[in-house]
Amino acid sequence: MMRTERIPKLLKRFAIPAVIANLISALYNIVDQIFIGQGVGYLGNAATNIAFPITTISLAIALMLGIGAASNFNLEMGRGNPEKVKKMVGTTYGLLLIIGLIFTLILLLFTEPIIITFGATGDILHYASTFVRITALSLPFFFISIACNAIVRADGSANYSMMGMVTGAILNMILNPIFIFHLHWGIAGSAWATVISQTVSGLIFLAYIPKFKNISLTARDLIPNVTLLKPICALGLGPMFNQFSVTIIQITTNNLLRIYGAQETIGSSIPIAVVGVVTKLNQIYIAIVMGISQGAQPIQGFNYGARAYGRVREIYSLTVKLVTLISISFFLIFQCFTEPIISLFGTSSQAYMDYATRYLHIFAAVLFVNGFQIATGLFFSAIGKAKKSAVLVLTKQIVLILPLLVLMTVVFGVANIMIANPIADFLSAVVAVYFIYREFQSMPKEDRPFETEIVSG
C-alpha cells in the first residue's frame, strides 16, 4: 500500500486521524483554559500558563521516543526488518512508563520550587501548585498516550490512534464543567478532570500492545534495551528539541513578564495570563499542521527507505501545499476575529482585553509561513535526517526567538514582547527553504528498482 497507493489517498488515510487526534489533544489545554477562565478568573489562566512548561517538557521526551520509534518503524519496515521494529517498539513502551513515574515523583516532591522557577508570582502560586500536584499523578499515562499515538499510527492503525486521543479529550470536556461549576472544586476540578482523562487515554494505548498488525510484542520485549536508545532518540531529536526549546521560551517569557511587568502599570499577572491564552490558541493551529505533517511521515519514511524518491518528492509537495493553506486560513481568523476569540477565555478587564488583542495580532503577523517550516522539519525526521530537523528547530527557537524576547522586553517593555515571534517565524522559514532546496538537489532523481523488489518480495 505504501509503495503503490496514490499519494493523495494515502495522505488522506493517515492525516485525517492524525489531525483529529492532535486537535483533541490540544483541546485538553484549551478546555481547561476556557473553563478555568470562566470559573476561576484570569489568575487561574495565569496559573495554568505557569504549569504549562511541565506539559511541554513531558511532550519533548514523549515525542522524542514516540516519533523516534515511529520513524524507525517505517524506515525499517521499508527495508524489510520487522524483528528490529519489534525490539524498538517494546523498548519504547517500557521506557515511557519508567520515565513517567520518575516525573511524577519529582513533581510531587518539589512542586513549589519548580513553579517559582517557571515564573509564578505570589498571587498565582497557590493556584499553580494545586494544579501541578494533581495533574502530576497521570503523567505516566500522558507519556504513553502522546508517544504511542505516533507508534500505533505507524503500524497502520490511524483510526485506533485517533480513538485513543478522542476518548480522553471528550471525557475531559465532560468532567471539567461538572467538577468546576457543579461540584465547585475550582482549579482542582480542572486538574482532576485532566488526570482521569489522560489515564483513560493511556490505558487505551496500553491495550493496543497485543493488537499490533506488523509485529508481535511479548512481555519480555517491554524490558528496555539500552542499545536501541541511540537509533530511537536520533530520529526523535527534532520534535524533542522543538518542545524543549518551547519550554525554555515559556519559562523565559514568564520570568521576563514577572520582572518587567511589575515595573509597569499593567503589572505581571495580566501579561502572563494573556501569553497562556494565546499559546493555547496557537496550539489549535499547530495541531492541524502537525497532524497533516505527521500523517505524511509514515509515507515519506517508508518510500525513502524503499528508495522510491519520486513518491518522496510528491508527498512532501502535497503536504506543504496543504499546511500553507491552513496557515493562511488561521492567519485571517486570528487577525479578523481577535476579540471574540479572546473573550471565550474570560474578559476580566479592559486592560486585559486591550493587551490580549494586540498580543494576538502581532504574534500571528506572519503565521502563513509557519506551516512550511514545521512540515519541512518533520520531513527530515521522517527520512532519518534528524540533525537537519534539529537545526531548523534550534535556529527558530534558540538562535532567534530567545534573544529577541529579551531584547524586545528590556528595550521596549512588556507591551512589545510579542514582536519577537513574527521576526523569528519569517527568518526561520527562509532557513527551511535553503535546507529543503539542498536536500532535493542531492536526492537521486529516479527510484532504485533493486531495493523496491526486495521490499515488495
# chains A, B, ... in the order shown; residues from 1 in each chain; ligands from 1
call {"tool": "residues_around", "arguments": {"residues": "A:Leu175", "least_positions_apart": "4", "cutoff": "9 Å", "atoms": "only C-alpha atoms", "output": "VMD selection string"}}
result
chain A and resid 170 to 171 179 to 180 189 to 190 192 to 194 196 to 197
call {"tool": "residues_around", "arguments": {"residues": "stretch 302-311 of chain A", "least_positions_apart": "5", "cutoff": "12 Å", "atoms": "only C-alpha atoms", "output": "VMD selection string"}}
result
chain A and resid 1 to 8 10 to 11 70 to 81 154 to 156 296 to 297 316 to 318 379 to 385 439 to 457
call {"tool": "residues_around", "arguments": {"residues": "A:Pro140", "least_positions_apart": "4", "cutoff": "9 Å", "atoms": "only C-alpha atoms", "output": "list in words"}}
result
Leu96, Leu97, Ile98, Ile99, Gly100, Leu101, Ile102, Phe103, Thr104, Ala136, Ile144, Ser145, Thr199 and Gly202 of chain A
call {"tool": "closest_residue", "arguments": {"among": "A:Ala15, A:Met165, A:Ile398, A:Met240", "to": "A:Pro298", "atoms": "only C-alpha atoms"}}
result
A:Ala15
call {"tool": "closest_residue", "arguments": {"among": "A:Cys336, A:Ile374, A:Val200, A:Val411", "to": "A:Ile292", "atoms": "only C-alpha atoms"}}
result
A:Ile374
call {"tool": "atom_distance", "arguments": {"atom1": "atom CA of A:Lys396", "atom2": "atom CA of A:Ser327"}}
result
17.4 Å
call {"tool": "closest_residue", "arguments": {"among": "A:Ala364, A:Ile54, A:Ile326, A:Val166", "to": "A:Ile419", "atoms": "only C-alpha atoms"}}
result
A:Ala364
call {"tool": "residues_around", "arguments": {"residues": "stretch 244-247 of chain A", "least_positions_apart": "6", "cutoff": "9 Å", "atoms": "only C-alpha atoms", "output": "PDB file with C-alpha atoms, in the first residue's frame"}}
result
ATOM      1  CA  PHE A  52       2.458  24.554  31.101  1.00  0.00           C
ATOM      2  CA  PRO A  53       6.261  24.048  30.847  1.00  0.00           C
ATOM      3  CA  ILE A  54       5.733  20.746  32.680  1.00  0.00           C
ATOM      4  CA  THR A  55       3.489  19.670  29.812  1.00  0.00           C
ATOM      5  CA  THR A  56       5.977  20.758  27.159  1.00  0.00           C
ATOM      6  CA  ILE A  57       8.899  19.034  28.905  1.00  0.00           C
ATOM      7  CA  LEU A  59       5.857  16.280  25.453  1.00  0.00           C
ATOM      8  CA  ALA A  60       9.502  16.695  24.466  1.00  0.00           C
ATOM      9  CA  ILE A  61      10.519  13.350  25.922  1.00  0.00           C
ATOM     10  CA  VAL A 393      14.114  23.916  15.357  1.00  0.00           C
ATOM     11  CA  LEU A 394      17.061  25.371  17.262  1.00  0.00           C
ATOM     12  CA  GLN A 397      13.554  28.839  18.986  1.00  0.00           C
ATOM     13  CA  ILE A 398      17.003  29.386  20.493  1.00  0.00           C
ATOM     14  CA  LEU A 402      15.064  33.706  22.716  1.00  0.00           C
TER      15      LEU A 402
END
call {"tool": "closest_residue", "arguments": {"among": "A:Ile24, A:Ile16, A:Ala375, A:Ile114", "to": "A:Ser389", "atoms": "only C-alpha atoms"}}
result
A:Ala375
call {"tool": "atom_distance", "arguments": {"atom1": "atom CA of A:Leu203", "atom2": "atom CA of A:Phe141"}}
result
7.0 Å
call {"tool": "atom_distance", "arguments": {"atom1": "atom CA of A:Ile204", "atom2": "atom CA of A:Val152"}}
result
11.1 Å
call {"tool": "residues_around", "arguments": {"residues": "A:Asn149", "least_positions_apart": "3", "cutoff": "10 Å", "atoms": "only C-alpha atoms", "output": "ChimeraX atom specification"}}
result
/A:18,21-22,63,66-67,70,143-146,152-154,157-158,160-165,201-202,205
call {"tool": "select_by_dssp", "arguments": {"residues": "stretch 55-243 of chain A", "states": "alpha helix (DSSP H)", "output": "number ranges by chain"}}
result
A: 55-79, 82-109, 111-117, 122-135, 139-154, 158-177, 187-206, 229-235, 237-243
call {"tool": "residues_around", "arguments": {"residues": "stretch 186-188 of chain A", "least_positions_apart": "3", "cutoff": "10 Å", "atoms": "only C-alpha atoms", "output": "PyMOL selection string"}}
result
chain A and resi 32+35-37+39-41+44-45+47-48+127-135+176-177+179-183+191-194
call {"tool": "closest_residue", "arguments": {"among": "A:Cys233, A:Ile342, A:Leu65, A:Val406", "to": "A:Tyr359", "atoms": "only C-alpha atoms"}}
result
A:Ile342
call {"tool": "residues_around", "arguments": {"residues": "stretch 277-291 of chain A", "least_positions_apart": "2", "cutoff": "7 Å", "atoms": "only C-alpha atoms", "output": "PyMOL selection string"}}
result
chain A and resi 15+18-19+22-23+26+29-30+273-275+293-295+323+330+360+371
call {"tool": "write_last_selection", "arguments": {"atoms": "C-alpha atoms", "output": "compact mmCIF listing (two decimals), in the first residue's frame"}}
result
# COMPACT_ATOMS: atom_id res chain seq x y z
CA ALA A 15 -3.52 12.63 8.01
CA ALA A 18 -3.69 12.40 12.98
CA VAL A 19 -5.26 15.87 12.69
CA ASN A 22 -3.87 16.30 17.63
CA LEU A 23 -6.84 18.64 17.78
CA ALA A 26 -4.91 20.40 22.07
CA ASN A 29 -5.46 22.57 27.38
CA ILE A 30 -7.99 24.74 25.56
CA ALA A 273 -2.41 35.15 31.61
CA VAL A 274 -2.56 36.52 28.04
CA VAL A 275 0.54 34.61 26.96
CA SER A 293 2.77 16.58 8.58
CA GLN A 294 2.68 13.56 10.91
CA GLY A 295 0.24 11.82 8.60
CA VAL A 323 -0.22 23.21 5.54
CA PHE A 330 -5.61 30.77 10.61
CA LEU A 360 -2.57 38.05 19.25
CA GLY A 371 3.26 25.55 8.27
call {"tool": "decode", "arguments": {"residues": "stretch 410-446 of chain A", "atoms": "C-alpha atoms", "output": "JSON list (two decimals), in the first residue's frame"}}
result
[["chain", "number", "residue", "atom", "x", "y", "z"],
["A", 410, "VAL", "CA", 14.30, 45.05, 28.08],
["A", 411, "VAL", "CA", 14.40, 47.80, 25.45],
["A", 412, "PHE", "CA", 10.71, 48.31, 24.58],
["A", 413, "GLY", "CA", 8.83, 46.87, 27.59],
["A", 414, "VAL", "CA", 6.29, 44.05, 28.06],
["A", 415, "ALA", "CA", 3.90, 45.77, 25.64],
["A", 416, "ASN", "CA", 6.19, 44.73, 22.76],
["A", 417, "ILE", "CA", 7.49, 41.31, 23.81],
["A", 418, "MET", "CA", 5.33, 39.58, 21.19],
["A", 419, "ILE", "CA", 7.18, 41.24, 18.27],
["A", 420, "ALA", "CA", 9.91, 38.59, 18.67],
["A", 421, "ASN", "CA", 7.65, 35.87, 17.25],
["A", 422, "PRO", "CA", 6.86, 37.16, 13.73],
["A", 423, "ILE", "CA", 10.52, 38.14, 13.16],
["A", 424, "ALA", "CA", 11.69, 34.65, 14.15],
["A", 425, "ASP", "CA", 8.91, 32.97, 12.12],
["A", 426, "PHE", "CA", 9.95, 34.73, 8.92],
["A", 427, "LEU", "CA", 13.69, 34.20, 9.27],
["A", 428, "SER", "CA", 13.34, 30.51, 10.20],
["A", 429, "ALA", "CA", 11.17, 29.93, 7.12],
["A", 430, "VAL", "CA", 14.00, 31.34, 4.97],
["A", 431, "VAL", "CA", 16.40, 28.83, 6.56],
["A", 432, "ALA", "CA", 13.93, 25.98, 5.87],
["A", 433, "VAL", "CA", 13.76, 26.98, 2.17],
["A", 434, "TYR", "CA", 17.55, 26.68, 1.93],
["A", 435, "PHE", "CA", 17.63, 23.29, 3.68],
["A", 436, "ILE", "CA", 14.92, 21.67, 1.58],
["A", 437, "TYR", "CA", 16.38, 23.05, -1.67],
["A", 438, "ARG", "CA", 19.75, 21.48, -0.85],
["A", 439, "GLU", "CA", 18.10, 18.19, 0.13],
["A", 440, "PHE", "CA", 16.19, 17.76, -3.11],
["A", 441, "GLN", "CA", 19.22, 18.80, -5.14],
["A", 442, "SER", "CA", 21.23, 15.95, -3.60],
["A", 443, "MET", "CA", 18.42, 13.35, -3.63],
["A", 444, "PRO", "CA", 18.50, 10.92, -6.62],
["A", 445, "LYS", "CA", 16.06, 11.90, -9.34],
["A", 446, "GLU", "CA", 14.99, 8.31, -10.08]]
